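Q: I'd like to ask some things about the structure below.
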Amino acid sequence: MSDPFFVTAIRKRKKPSTSSDKKSPAKRSRQRDGPATNGRKGDDNSSSEDDLGPGAIAEMDLRSSEGEDEEDEISETAAEKRVRLAKKYLEKIKSDIEVDGFDAADIDRDLIAERLRKDANPAGYIVYIYILLSHRPHPAVFLQLHFPVDPSTAKTCRGHQLSVTSVAISEDGQLLYTGSKDGSIIKWDPKTMKKLYTFPGGRKGVKAFTGHTDHVLCLAISSDGKYLASGGRDKKVNVWSVKDDKLLCCFSQHKDSVARLVFRKGTNQLYTASHDRTIKLWNVDEQSYIETLFGHQDAITDIDALSREQCVTTGGRDRSARLWKIVEESQLVFRGGAMVKEHDGSGRVRYMEGSLDCVAMIDEENFLSGGDSGSISLWNINRKKPVFTFSLAHGVQEHASESERGIPSPYWITSLTTLRYSDLFCSGSWDGFIRVWKLADRLRGFSPLTQISVVGVVNDLKLLTTNPGNNMLMIAGMGQEHRLGRWLTVKKAKNGSKIFELKLRKAGENGEDAVMPNGKVKVVDDGLKIMRR
């Protein structure tokens with residue numbers, strides 16, 4: 001069918017009547033009174049425009065059929081029809097935007113569907129997760145993730161005297177490092193949980209010491225597995241050889257505690273964030289300083305980066321997250337301040353976000369943040385406001401008070417991590433659970449999947465899967481105290497780290513159909529069901 005927007009206005013002319021075309025009066029009468037095949041019909045036997053529906057083929061065809069009367073042919077020109085169709089097209093676009101826009105009911109439906117799955121199969125249920133695999137010809141794949149996770153099956157490693165503040169695992173899953181407030185770093189074998197090496201901590205104030213002389217606050221392993229970087233309250237950034245277990249260099253340019261650090265994915269470029277409100281860039285291969293980034297108005301509490309030359313940070317009590325575009329020498333500022341209002345409809349603010357403490361990147365354009373209001377927010381770098389916010393993600397606790405019965409306050413978000421380039425992430429606090437979340441389609445929101453019982457403050461989390469056929473590893477750094485202070489104590493907790501194995505299985509294994517909840521088209525590739533996102 002020709003495009004109605006490019007059809008020229010052509011009116012049919014009446015052909016001159018000939019002797020062969022002349023009809024008898026009786027024939028003309030029968031044609032006028034009888035049902036016409038292409039003209040208007042009576043009310044009883046006709047099908048109106050509503051029966052065909054808007055946009056039907058009969059309506060879109062601007063060229064009249066041979067049997068139409070002259071009056072019908074010239075009642076609407078092609079130009080007028082183009083205007084009418086254009087108006088309908090714009091109305092359809094508006095309605096599609098309203099339908100595809102965010103609706104809180106979508107999240108409720110996800111929660112209800114998840115609850116029905118649990119009720120139908122109490123022993124366990126399956127969730128499909130999206131994972132990007134760059135080494136495959138079709139990188140977008142869905143895998144089956146089996147829930148619930150039995151906490152008793154977790155592997156535990158204990159060797160630190162004080163709370164574990166940070167964990168780091170190599171991309172091949174062969175080595176695990178844990179850092180603690182006692183100043184030491186321990187190297188582990190994740191499979192056997194054997195201690196391979198210990199980097200001891202020194203006494204506070206000792207200058208000529210190889211290692212940290214105060215709390216170790218952060219750890220990171222380079223993508224190639226050659227370097228381990230560590231930062232702490234002694235204002236040092238130490239770079240270690242993973243192979244030789246030796247200190248390679250020490251950067252001491254920061255003027256306050258080094259809160260977090262991260263390697264840029266695929267390179268040995270290191271980003272460090274400090275309580276001195278700066279981010280510093282380092283070239284670990286050349287053991288050299290690159291530059292310093294300024295902008296935050298308070299101590300920087302977290303940092304994350306992927307493969308692009310950019311990073312995302314949170315600035316604590318300046319309540320902002322910032323995306324640093326290093327090549328362009330610019331930054332994007334995202335203002336936090338999530339509010340939790342009363343449910344009585346009064347609109348009164350119950351809790352207000354006073355600090356942004358955690359950040360985790362999903363992909364190059366989307367990231368998550370968490371703070372002391374207990375809210376987790378989903379951000380897109382093209383929007384200044386959060387795409388979605390989940391309030392009181394870990395619930396509310398009550399503090400004993402002499403003057404009042406109890407003062408309720410939310411559990412802070414103490415740690416966030418994502419399975420990179422996927423729709424799965426985890427959050428931690430000290431409410432007794434690690435919570436697993438799943439992002440909604442088109443990244444419009446997220447909903448809870450399950451929770452894993454733990455005791456203590458979850459100071460750090462990591463998610464890793466090295467192969468789609470293997471299990472996914474979740475590593476949690478636990479302790480009795482928060483990694484940045486001693487204002488919080490969980491006396492029943494034990495200092496150490498835990499490794500949970502989340503069962504993964506290829507979608508469509510054992511011959512069953514792997515139709516996903518979103519009903520997207522599937523492509524078979526090497527036994528995996530590849531899904532187009």
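We name chains A, B, ... following the order of the structure tokens; residues begin at 1 in each chain, and ligands are numbered from 1 as shown.
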I'd like the contact shell of Leu484 (chain A) - 10 Å cut-off, only C-alpha atoms, skipping same-chain residues fewer than 2 positions apart - returned as an MDAnalysis selection string.

A: chainID A and resid 165 181 215 217 233 257 259 301 459 481:482 486:488

Q: Residues of the last selection are to be written out with N, CA, C and O atoms, as an mmCIF file, in the first residue's frame.

A:
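Saved the output as result-v9.cif:
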```
data_model
loop_
_atom_site.group_PDB
_atom_site.id
_atom_site.type_symbol
_atom_site.label_atom_id
_atom_site.label_comp_id
_atom_site.auth_asym_id
_atom_site.auth_seq_id
_atom_site.Cartn_x
_atom_site.Cartn_y
_atom_site.Cartn_z
ATOM 1 N N THR A 165 36.035 -4.692 56.864
ATOM 2 C CA THR A 165 35.528 -3.464 56.250
ATOM 3 C C THR A 165 35.410 -3.551 54.734
ATOM 4 O O THR A 165 34.645 -2.793 54.133
ATOM 5 N N LYS A 181 39.585 -3.568 60.298
ATOM 6 C CA LYS A 181 39.954 -2.445 61.154
ATOM 7 C C LYS A 181 41.239 -2.697 61.932
ATOM 8 O O LYS A 181 41.817 -1.749 62.487
ATOM 9 N N HIS A 215 43.083 1.577 60.284
ATOM 10 C CA HIS A 215 42.017 0.777 59.682
ATOM 11 C C HIS A 215 42.174 0.689 58.165
ATOM 12 O O HIS A 215 42.396 1.705 57.495
ATOM 13 N N LEU A 217 40.183 0.404 54.906
ATOM 14 C CA LEU A 217 38.792 0.734 54.581
ATOM 15 C C LEU A 217 38.341 0.221 53.221
ATOM 16 O O LEU A 217 37.138 0.106 52.987
ATOM 17 N N ARG A 233 42.601 4.475 56.794
ATOM 18 C CA ARG A 233 42.510 5.687 57.589
ATOM 19 C C ARG A 233 43.871 6.330 57.810
ATOM 20 O O ARG A 233 43.947 7.453 58.329
ATOM 21 N N SER A 257 41.412 10.221 55.260
ATOM 22 C CA SER A 257 41.189 8.789 55.050
ATOM 23 C C SER A 257 40.785 8.495 53.613
ATOM 24 O O SER A 257 40.012 9.237 52.997
ATOM 25 N N ALA A 259 38.535 6.459 51.569
ATOM 26 C CA ALA A 259 37.306 5.725 51.872
ATOM 27 C C ALA A 259 37.059 4.573 50.908
ATOM 28 O O ALA A 259 36.687 3.468 51.319
ATOM 29 N N THR A 301 32.269 9.251 50.192
ATOM 30 C CA THR A 301 32.054 7.992 50.900
ATOM 31 C C THR A 301 32.156 6.761 50.013
ATOM 32 O O THR A 301 32.393 5.668 50.510
ATOM 33 N N ASN A 459 29.369 -4.573 55.779
ATOM 34 C CA ASN A 459 30.201 -3.434 55.400
ATOM 35 C C ASN A 459 30.579 -3.412 53.932
ATOM 36 O O ASN A 459 30.923 -2.354 53.403
ATOM 37 N N GLU A 481 30.881 -3.787 63.959
ATOM 38 C CA GLU A 481 30.812 -2.325 63.878
ATOM 39 C C GLU A 481 30.755 -1.875 62.432
ATOM 40 O O GLU A 481 31.155 -2.591 61.506
ATOM 41 N N HIS A 482 30.257 -0.658 62.248
ATOM 42 C CA HIS A 482 30.288 -0.019 60.939
ATOM 43 C C HIS A 482 31.735 0.280 60.571
ATOM 44 O O HIS A 482 32.557 0.594 61.440
ATOM 45 N N ARG A 486 32.411 3.691 65.362
ATOM 46 C CA ARG A 486 32.054 2.759 66.430
ATOM 47 C C ARG A 486 30.730 3.141 67.084
ATOM 48 O O ARG A 486 30.439 2.724 68.202
ATOM 49 N N TRP A 487 29.931 3.954 66.376
ATOM 50 C CA TRP A 487 28.654 4.384 66.937
ATOM 51 C C TRP A 487 27.598 3.292 66.883
ATOM 52 O O TRP A 487 26.513 3.441 67.417
ATOM 53 N N LEU A 488 27.910 2.186 66.235
ATOM 54 C CA LEU A 488 26.961 1.099 66.056
ATOM 55 C C LEU A 488 27.647 -0.212 66.405
ATOM 56 O O LEU A 488 28.762 -0.485 65.946
#
```

Q: List as JSON, numbers by chain the protein and nucleic acid residues near Lys187 (chain A), meaning an atom at most 9 Å away when only C-alpha atoms are counted, but skip any in the same chain fewer than 5 places from it.

A: {"A": [175, 176, 177, 178, 194, 195, 196, 197, 198, 199]}

Q: Write out the residues from the selection above, keeping all heavy atoms, as a PDB file, in the first residue's frame.

A:
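Contents of result.pdb, as written:
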```pdb
ATOM      1  N   LEU A 175      40.959 -15.924  43.780  1.00  0.00           N
ATOM      2  CA  LEU A 175      41.576 -15.304  44.951  1.00  0.00           C
ATOM      3  C   LEU A 175      40.590 -14.345  45.612  1.00  0.00           C
ATOM      4  O   LEU A 175      39.835 -13.646  44.934  1.00  0.00           O
ATOM      5  CB  LEU A 175      42.845 -14.536  44.574  1.00  0.00           C
ATOM      6  CG  LEU A 175      44.034 -15.365  44.057  1.00  0.00           C
ATOM      7  CD1 LEU A 175      45.144 -14.443  43.590  1.00  0.00           C
ATOM      8  CD2 LEU A 175      44.534 -16.320  45.132  1.00  0.00           C
ATOM      9  N   LEU A 176      40.620 -14.331  46.929  1.00  0.00           N
ATOM     10  CA  LEU A 176      39.780 -13.441  47.725  1.00  0.00           C
ATOM     11  C   LEU A 176      40.652 -12.705  48.736  1.00  0.00           C
ATOM     12  O   LEU A 176      41.511 -13.316  49.386  1.00  0.00           O
ATOM     13  CB  LEU A 176      38.683 -14.240  48.443  1.00  0.00           C
ATOM     14  CG  LEU A 176      37.848 -13.488  49.477  1.00  0.00           C
ATOM     15  CD1 LEU A 176      36.985 -12.430  48.801  1.00  0.00           C
ATOM     16  CD2 LEU A 176      36.981 -14.456  50.285  1.00  0.00           C
ATOM     17  N   TYR A 177      40.410 -11.394  48.868  1.00  0.00           N
ATOM     18  CA  TYR A 177      41.117 -10.582  49.852  1.00  0.00           C
ATOM     19  C   TYR A 177      40.095  -9.931  50.783  1.00  0.00           C
ATOM     20  O   TYR A 177      39.019  -9.503  50.344  1.00  0.00           O
ATOM     21  CB  TYR A 177      41.942  -9.485  49.174  1.00  0.00           C
ATOM     22  CG  TYR A 177      43.152  -9.980  48.421  1.00  0.00           C
ATOM     23  CD1 TYR A 177      43.060 -10.359  47.087  1.00  0.00           C
ATOM     24  CD2 TYR A 177      44.400 -10.059  49.041  1.00  0.00           C
ATOM     25  CE1 TYR A 177      44.167 -10.809  46.390  1.00  0.00           C
ATOM     26  CE2 TYR A 177      45.520 -10.511  48.346  1.00  0.00           C
ATOM     27  CZ  TYR A 177      45.392 -10.884  47.021  1.00  0.00           C
ATOM     28  OH  TYR A 177      46.499 -11.338  46.334  1.00  0.00           O
ATOM     29  N   THR A 178      40.468  -9.851  52.064  1.00  0.00           N
ATOM     30  CA  THR A 178      39.629  -9.178  53.051  1.00  0.00           C
ATOM     31  C   THR A 178      40.489  -8.196  53.845  1.00  0.00           C
ATOM     32  O   THR A 178      41.631  -8.491  54.196  1.00  0.00           O
ATOM     33  CB  THR A 178      38.966 -10.182  54.016  1.00  0.00           C
ATOM     34  OG1 THR A 178      39.984 -10.942  54.687  1.00  0.00           O
ATOM     35  CG2 THR A 178      38.044 -11.129  53.262  1.00  0.00           C
ATOM     36  N   LYS A 194      41.075 -21.572  52.638  1.00  0.00           N
ATOM     37  CA  LYS A 194      42.370 -21.603  53.324  1.00  0.00           C
ATOM     38  C   LYS A 194      43.028 -20.234  53.238  1.00  0.00           C
ATOM     39  O   LYS A 194      42.934 -19.541  52.227  1.00  0.00           O
ATOM     40  CB  LYS A 194      43.281 -22.663  52.699  1.00  0.00           C
ATOM     41  CG  LYS A 194      42.836 -24.094  52.972  1.00  0.00           C
ATOM     42  CD  LYS A 194      43.837 -25.082  52.402  1.00  0.00           C
ATOM     43  CE  LYS A 194      43.421 -26.519  52.701  1.00  0.00           C
ATOM     44  NZ  LYS A 194      44.386 -27.506  52.143  1.00  0.00           N
ATOM     45  N   LYS A 195      43.718 -19.886  54.297  1.00  0.00           N
ATOM     46  CA  LYS A 195      44.448 -18.622  54.346  1.00  0.00           C
ATOM     47  C   LYS A 195      45.765 -18.793  53.596  1.00  0.00           C
ATOM     48  O   LYS A 195      46.595 -19.649  53.935  1.00  0.00           O
ATOM     49  CB  LYS A 195      44.708 -18.219  55.793  1.00  0.00           C
ATOM     50  CG  LYS A 195      45.264 -16.826  55.962  1.00  0.00           C
ATOM     51  CD  LYS A 195      45.579 -16.524  57.422  1.00  0.00           C
ATOM     52  CE  LYS A 195      44.351 -16.603  58.300  1.00  0.00           C
ATOM     53  NZ  LYS A 195      44.660 -16.216  59.705  1.00  0.00           N
ATOM     54  N   LEU A 196      45.965 -17.986  52.530  1.00  0.00           N
ATOM     55  CA  LEU A 196      47.167 -18.107  51.706  1.00  0.00           C
ATOM     56  C   LEU A 196      48.284 -17.172  52.151  1.00  0.00           C
ATOM     57  O   LEU A 196      49.459 -17.537  52.091  1.00  0.00           O
ATOM     58  CB  LEU A 196      46.813 -17.824  50.237  1.00  0.00           C
ATOM     59  CG  LEU A 196      45.743 -18.732  49.608  1.00  0.00           C
ATOM     60  CD1 LEU A 196      45.477 -18.314  48.173  1.00  0.00           C
ATOM     61  CD2 LEU A 196      46.180 -20.195  49.674  1.00  0.00           C
ATOM     62  N   TYR A 197      47.918 -15.965  52.589  1.00  0.00           N
ATOM     63  CA  TYR A 197      48.958 -15.008  52.998  1.00  0.00           C
ATOM     64  C   TYR A 197      48.293 -13.919  53.833  1.00  0.00           C
ATOM     65  O   TYR A 197      47.107 -13.613  53.660  1.00  0.00           O
ATOM     66  CB  TYR A 197      49.651 -14.396  51.774  1.00  0.00           C
ATOM     67  CG  TYR A 197      50.906 -13.625  52.103  1.00  0.00           C
ATOM     68  CD1 TYR A 197      52.118 -14.281  52.289  1.00  0.00           C
ATOM     69  CD2 TYR A 197      50.885 -12.230  52.233  1.00  0.00           C
ATOM     70  CE1 TYR A 197      53.270 -13.568  52.599  1.00  0.00           C
ATOM     71  CE2 TYR A 197      52.023 -11.521  52.538  1.00  0.00           C
ATOM     72  CZ  TYR A 197      53.218 -12.196  52.725  1.00  0.00           C
ATOM     73  OH  TYR A 197      54.360 -11.508  53.042  1.00  0.00           O
ATOM     74  N   THR A 198      49.078 -13.322  54.730  1.00  0.00           N
ATOM     75  CA  THR A 198      48.589 -12.231  55.569  1.00  0.00           C
ATOM     76  C   THR A 198      49.525 -11.042  55.468  1.00  0.00           C
ATOM     77  O   THR A 198      50.746 -11.186  55.654  1.00  0.00           O
ATOM     78  CB  THR A 198      48.480 -12.671  57.045  1.00  0.00           C
ATOM     79  OG1 THR A 198      47.580 -13.766  57.148  1.00  0.00           O
ATOM     80  CG2 THR A 198      47.974 -11.517  57.903  1.00  0.00           C
ATOM     81  N   PHE A 199      48.957  -9.885  55.136  1.00  0.00           N
ATOM     82  CA  PHE A 199      49.703  -8.631  55.161  1.00  0.00           C
ATOM     83  C   PHE A 199      49.394  -7.980  56.507  1.00  0.00           C
ATOM     84  O   PHE A 199      48.303  -7.406  56.688  1.00  0.00           O
ATOM     85  CB  PHE A 199      49.267  -7.714  54.016  1.00  0.00           C
ATOM     86  CG  PHE A 199      49.365  -8.342  52.658  1.00  0.00           C
ATOM     87  CD1 PHE A 199      48.294  -9.045  52.115  1.00  0.00           C
ATOM     88  CD2 PHE A 199      50.524  -8.243  51.914  1.00  0.00           C
ATOM     89  CE1 PHE A 199      48.368  -9.607  50.861  1.00  0.00           C
ATOM     90  CE2 PHE A 199      50.624  -8.813  50.654  1.00  0.00           C
ATOM     91  CZ  PHE A 199      49.536  -9.503  50.124  1.00  0.00           C
TER      92      PHE A 199
END
```

Q: Taking only C-alpha atoms into account, name the residue in A:Met339, A:Val458, A:Ile186, A:Cys249 that is nearest to Asn283 (chain A).

A: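 Once distances to Asn283 (chain A) are computed over only C-alpha atoms, the minimum belongs to A:Cys249.
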
Q: With only C-alpha atoms as the basis for distance, which of A:Glu329, A:Leu323, A:Arg350, A:Ile221 is at the shortest distance from Lys384 (chain A)?

A: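 Using only C-alpha atoms, Lys384 (chain A) sits closest to A:Leu323.
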
Q: Which polymer residues have any atom within 6 Å of an atom of Met472 (chain A), counting only C-alpha atoms, with same-chain residues fewer than 2 positions away left out, as a PDB file with C-alpha atoms, in the first residue's frame?

A:
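Below you can see around28.pdb, which holds the result:
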```pdb
ATOM      1  CA  LEU A 464      30.716 -12.380  40.645  1.00  0.00           C
ATOM      2  CA  THR A 465      30.007 -14.974  37.985  1.00  0.00           C
ATOM      3  CA  GLU A 501      26.806 -19.690  46.138  1.00  0.00           C
ATOM      4  CA  LEU A 502      23.703 -18.789  44.153  1.00  0.00           C
TER       5      LEU A 502
END
```

Q: Could you list, as a PDB file with N, CA, C and O atoms, in the first residue's frame, every residue within 9 Å of Lys204 (chain A), counting only C-alpha atoms and ignoring same-chain residues fewer than 6 positions away?

A:
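Now in selection19.pdb:
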```
ATOM      1  N   HIS A 212      49.702  -1.003  56.219  1.00  0.00           N
ATOM      2  CA  HIS A 212      48.833   0.017  56.806  1.00  0.00           C
ATOM      3  C   HIS A 212      49.041   0.069  58.319  1.00  0.00           C
ATOM      4  O   HIS A 212      49.249  -0.960  58.976  1.00  0.00           O
ATOM      5  N   THR A 213      48.942   1.280  58.853  1.00  0.00           N
ATOM      6  CA  THR A 213      49.104   1.475  60.289  1.00  0.00           C
ATOM      7  C   THR A 213      47.810   1.953  60.950  1.00  0.00           C
ATOM      8  O   THR A 213      47.838   2.487  62.059  1.00  0.00           O
ATOM      9  N   ASP A 214      46.715   1.777  60.271  1.00  0.00           N
ATOM     10  CA  ASP A 214      45.398   2.115  60.814  1.00  0.00           C
ATOM     11  C   ASP A 214      44.359   1.266  60.084  1.00  0.00           C
ATOM     12  O   ASP A 214      44.717   0.346  59.335  1.00  0.00           O
ATOM     13  N   ASP A 234      44.930   5.654  57.443  1.00  0.00           N
ATOM     14  CA  ASP A 234      46.274   6.234  57.550  1.00  0.00           C
ATOM     15  C   ASP A 234      46.614   7.116  56.350  1.00  0.00           C
ATOM     16  O   ASP A 234      47.776   7.521  56.193  1.00  0.00           O
TER      17      ASP A 234
END
```

Q: Hey, can you check how far CA of Ala208 (chain A) sits from CA of Ser252 (chain A)?

A: 13.2 Å

Q: Kindly assemble as JSON lines a list of the region 201-250 of chain A residues that lie within 12 Å of region 260-279 of chain A, each paired with its nearest atom pair and their distance in Å to one decimal, using only C-alpha atoms, sorted first by chain and then by ascending residue number.

A:
```
{"residue": "A:Val216", "atom": "CA", "partner": "A:Arg260", "partner_atom": "CA", "distance": 10.1}
{"residue": "A:Leu217", "atom": "CA", "partner": "A:Arg260", "partner_atom": "CA", "distance": 7.0}
{"residue": "A:Cys218", "atom": "CA", "partner": "A:Arg260", "partner_atom": "CA", "distance": 5.2}
{"residue": "A:Leu219", "atom": "CA", "partner": "A:Leu261", "partner_atom": "CA", "distance": 6.9}
{"residue": "A:Ala220", "atom": "CA", "partner": "A:Val262", "partner_atom": "CA", "distance": 5.7}
{"residue": "A:Ile221", "atom": "CA", "partner": "A:Phe263", "partner_atom": "CA", "distance": 7.1}
{"residue": "A:Ser222", "atom": "CA", "partner": "A:Phe263", "partner_atom": "CA", "distance": 5.7}
{"residue": "A:Ser223", "atom": "CA", "partner": "A:Gly266", "partner_atom": "CA", "distance": 5.5}
{"residue": "A:Asp224", "atom": "CA", "partner": "A:Gly266", "partner_atom": "CA", "distance": 7.4}
{"residue": "A:Gly225", "atom": "CA", "partner": "A:Asn268", "partner_atom": "CA", "distance": 9.8}
{"residue": "A:Lys226", "atom": "CA", "partner": "A:Asn268", "partner_atom": "CA", "distance": 9.1}
{"residue": "A:Tyr227", "atom": "CA", "partner": "A:Asn268", "partner_atom": "CA", "distance": 8.2}
{"residue": "A:Leu228", "atom": "CA", "partner": "A:Phe263", "partner_atom": "CA", "distance": 9.6}
{"residue": "A:Ala229", "atom": "CA", "partner": "A:Leu261", "partner_atom": "CA", "distance": 7.8}
{"residue": "A:Ser230", "atom": "CA", "partner": "A:Leu261", "partner_atom": "CA", "distance": 7.6}
{"residue": "A:Gly231", "atom": "CA", "partner": "A:Arg260", "partner_atom": "CA", "distance": 7.0}
{"residue": "A:Gly232", "atom": "CA", "partner": "A:Arg260", "partner_atom": "CA", "distance": 8.5}
{"residue": "A:Arg233", "atom": "CA", "partner": "A:His275", "partner_atom": "CA", "distance": 9.4}
{"residue": "A:Asp234", "atom": "CA", "partner": "A:Ser274", "partner_atom": "CA", "distance": 11.2}
{"residue": "A:Lys235", "atom": "CA", "partner": "A:Ser274", "partner_atom": "CA", "distance": 8.2}
{"residue": "A:Lys236", "atom": "CA", "partner": "A:Ser274", "partner_atom": "CA", "distance": 10.2}
{"residue": "A:Val237", "atom": "CA", "partner": "A:Thr272", "partner_atom": "CA", "distance": 8.1}
{"residue": "A:Asn238", "atom": "CA", "partner": "A:Leu261", "partner_atom": "CA", "distance": 10.9}
{"residue": "A:Val239", "atom": "CA", "partner": "A:Leu270", "partner_atom": "CA", "distance": 10.0}
```

Q: Mind checking which residues fall within 9 Å of Pro200 (chain A), counting only C-alpha atoms, ignoring those fewer than 5 positions away in the same chain, and posting them as a ChimeraX atom specification?

A: /A:182-186,210-212

Q: Please produce an output containing N, CA and C atoms for each residue in the selection, written as a compact mmCIF listing (two decimals), in the first residue's frame.

A:
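What landed in again-v8.txt:
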```txt
# COMPACT_ATOMS: atom_id res chain seq x y z
N ASP A 182 41.67 -3.94 61.98
CA ASP A 182 42.94 -4.22 62.67
C ASP A 182 44.15 -3.89 61.81
N GLY A 183 43.93 -3.37 60.60
CA GLY A 183 45.02 -2.94 59.73
C GLY A 183 45.59 -4.03 58.85
N SER A 184 45.09 -5.25 58.96
CA SER A 184 45.65 -6.37 58.19
C SER A 184 44.81 -6.66 56.96
N ILE A 185 45.45 -7.33 56.00
CA ILE A 185 44.80 -7.82 54.78
C ILE A 185 45.13 -9.31 54.66
N ILE A 186 44.11 -10.11 54.42
CA ILE A 186 44.32 -11.56 54.34
C ILE A 186 43.92 -12.04 52.94
N THR A 210 55.93 -1.34 56.29
CA THR A 210 55.42 -1.82 55.00
C THR A 210 54.00 -2.33 55.17
N GLY A 211 53.05 -1.46 54.91
CA GLY A 211 51.65 -1.83 55.08
C GLY A 211 50.88 -0.68 55.69
N HIS A 212 49.70 -1.00 56.22
CA HIS A 212 48.83 0.02 56.81
C HIS A 212 49.04 0.07 58.32
```

Q: Under the rule that only C-alpha atoms are counted, which of A:Val396, A:Ile169, A:Ala299, A:Met361 is the nearest residue to Leu463 (chain A)?

A: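 The answer is A:Ile169, which sits nearest to Leu463 (chain A).
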
Q: Name all residues at most 12 Å from Pro190 (chain A) (count only C-alpha atoms; drop same-chain ones fewer than 6 positions away) and give them as a list of chain:residue names.

A: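 Returned residues: A:Ala154, A:Lys155, A:Thr156, A:Cys157, A:Val167, A:Ala168, A:Ile169, A:Ser170, A:Asp172, A:Gly173, A:Gln174, A:Leu175, A:Leu176, A:Tyr177, A:Thr178, A:Leu196, A:Leu473, A:Met474, A:Ile475, A:Ser497, A:Lys498, A:Ile499, A:Phe500, A:Glu501.
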
Q: Write a file of the just-selected residues containing C-alpha atoms, as a compact mmCIF listing (two decimals), in the first residue's frame.

A:
```
# COMPACT_ATOMS: atom_id res chain seq x y z
CA ALA A 154 27.62 -20.28 53.28
CA LYS A 155 31.39 -20.57 53.58
CA THR A 156 32.85 -18.51 56.40
CA CYS A 157 36.40 -17.23 56.76
CA VAL A 167 36.37 -7.56 50.37
CA ALA A 168 37.80 -8.01 46.86
CA ILE A 169 37.72 -11.04 44.57
CA SER A 170 39.59 -11.61 41.32
CA ASP A 172 38.42 -15.49 37.66
CA GLY A 173 37.18 -16.21 41.19
CA GLN A 174 40.46 -17.81 42.30
CA LEU A 175 41.58 -15.30 44.95
CA LEU A 176 39.78 -13.44 47.72
CA TYR A 177 41.12 -10.58 49.85
CA THR A 178 39.63 -9.18 53.05
CA LEU A 196 47.17 -18.11 51.71
CA LEU A 473 29.29 -15.93 44.13
CA MET A 474 28.11 -13.37 46.67
CA ILE A 475 30.82 -12.23 49.10
CA SER A 497 33.38 -12.73 55.64
CA LYS A 498 30.85 -15.08 54.07
CA ILE A 499 30.61 -16.58 50.60
CA PHE A 500 27.19 -17.60 49.27
CA GLU A 501 26.81 -19.69 46.14
```

Q: Neighbours of Ser391 (chain A) within 9 Å (only C-alpha atoms; same-chain residues fewer than 5 positions away dropped), as JSON, numbers by chain?

A: {"A": [338, 339, 340, 373, 374, 375, 376, 377]}

Q: Could you give me the residues within region 295-452 of chain A that DSSP places in strand (DSSP E or B), as JSON, numbers by chain?

A: {"A": [302, 303, 304, 305, 310, 311, 312, 313, 314, 316, 320, 321, 322, 323, 324, 325, 330, 331, 332, 333, 334, 335, 339, 340, 341, 349, 350, 351, 352, 356, 357, 358, 359, 360, 361, 366, 367, 368, 369, 370, 371, 376, 377, 378, 379, 380, 388, 389, 390, 396, 397, 398, 399, 407, 408, 409, 410, 415, 416, 417, 418, 422, 424, 425, 426, 427, 428, 433, 434, 435, 436, 437, 438, 439, 446, 447, 448, 449, 450, 451, 452]}

Q: How many Å lie between CA of Ala321 (chain A) and CA of Phe334 (chain A), rounded to one decimal?

A: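 Between CA of Ala321 (chain A) and CA of Phe334 (chain A) the gap is 5.1 Å.
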
Q: Would you mind writing down, as a PyMOL selection string, each residue of region 113-355 of chain A that DSSP on the backbone assigns to helix (DSSP H, G or I)?

A: chain A and resi 113-120+151-153

Q: Rounded to one decimal, what separation in Å do you get between CA of Ile452 (chain A) and CA of Asp302 (chain A)?

A: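 We find that CA of Ile452 (chain A) and CA of Asp302 (chain A) lie 23.9 Å from each other.
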
Q: Which residues of region 356-445 of chain A come within 10 Å of region 303-307 of chain A, and for each one, what is the closest pair of atoms and their distance in Å to one decimal, counting only C-alpha atoms, sorted by chain and residue number, as CSV?

A:
```
residue,atom,partner,partner_atom,distance
A:Asp357,CA,A:Ile303,CA,9.7
A:Cys358,CA,A:Ile303,CA,7.9
A:Val359,CA,A:Ile303,CA,6.5
A:Ala360,CA,A:Asp304,CA,5.9
A:Met361,CA,A:Asp304,CA,6.4
A:Ile362,CA,A:Leu306,CA,9.0
A:Asp363,CA,A:Leu306,CA,7.4
A:Glu364,CA,A:Leu306,CA,6.8
A:Phe367,CA,A:Asp304,CA,9.3
A:Thr417,CA,A:Asp304,CA,9.8
A:Arg420,CA,A:Leu306,CA,8.6
A:Tyr421,CA,A:Leu306,CA,9.7
```

Q: Point out the residue among A:Gly336, A:Pro410, A:Pro151, A:Gly316 with the least atom-to-atom distance to Val387 (chain A), counting only C-alpha atoms.

A: A:Gly336

Q: Nearest residue to Glu365 (chain A) out of A:Val242, A:Ser166, A:Asn380, A:Val258, using only C-alpha atoms?

A: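 Between A:Val242, A:Ser166, A:Asn380, A:Val258, the residue approaching Glu365 (chain A) most closely is A:Asn380.
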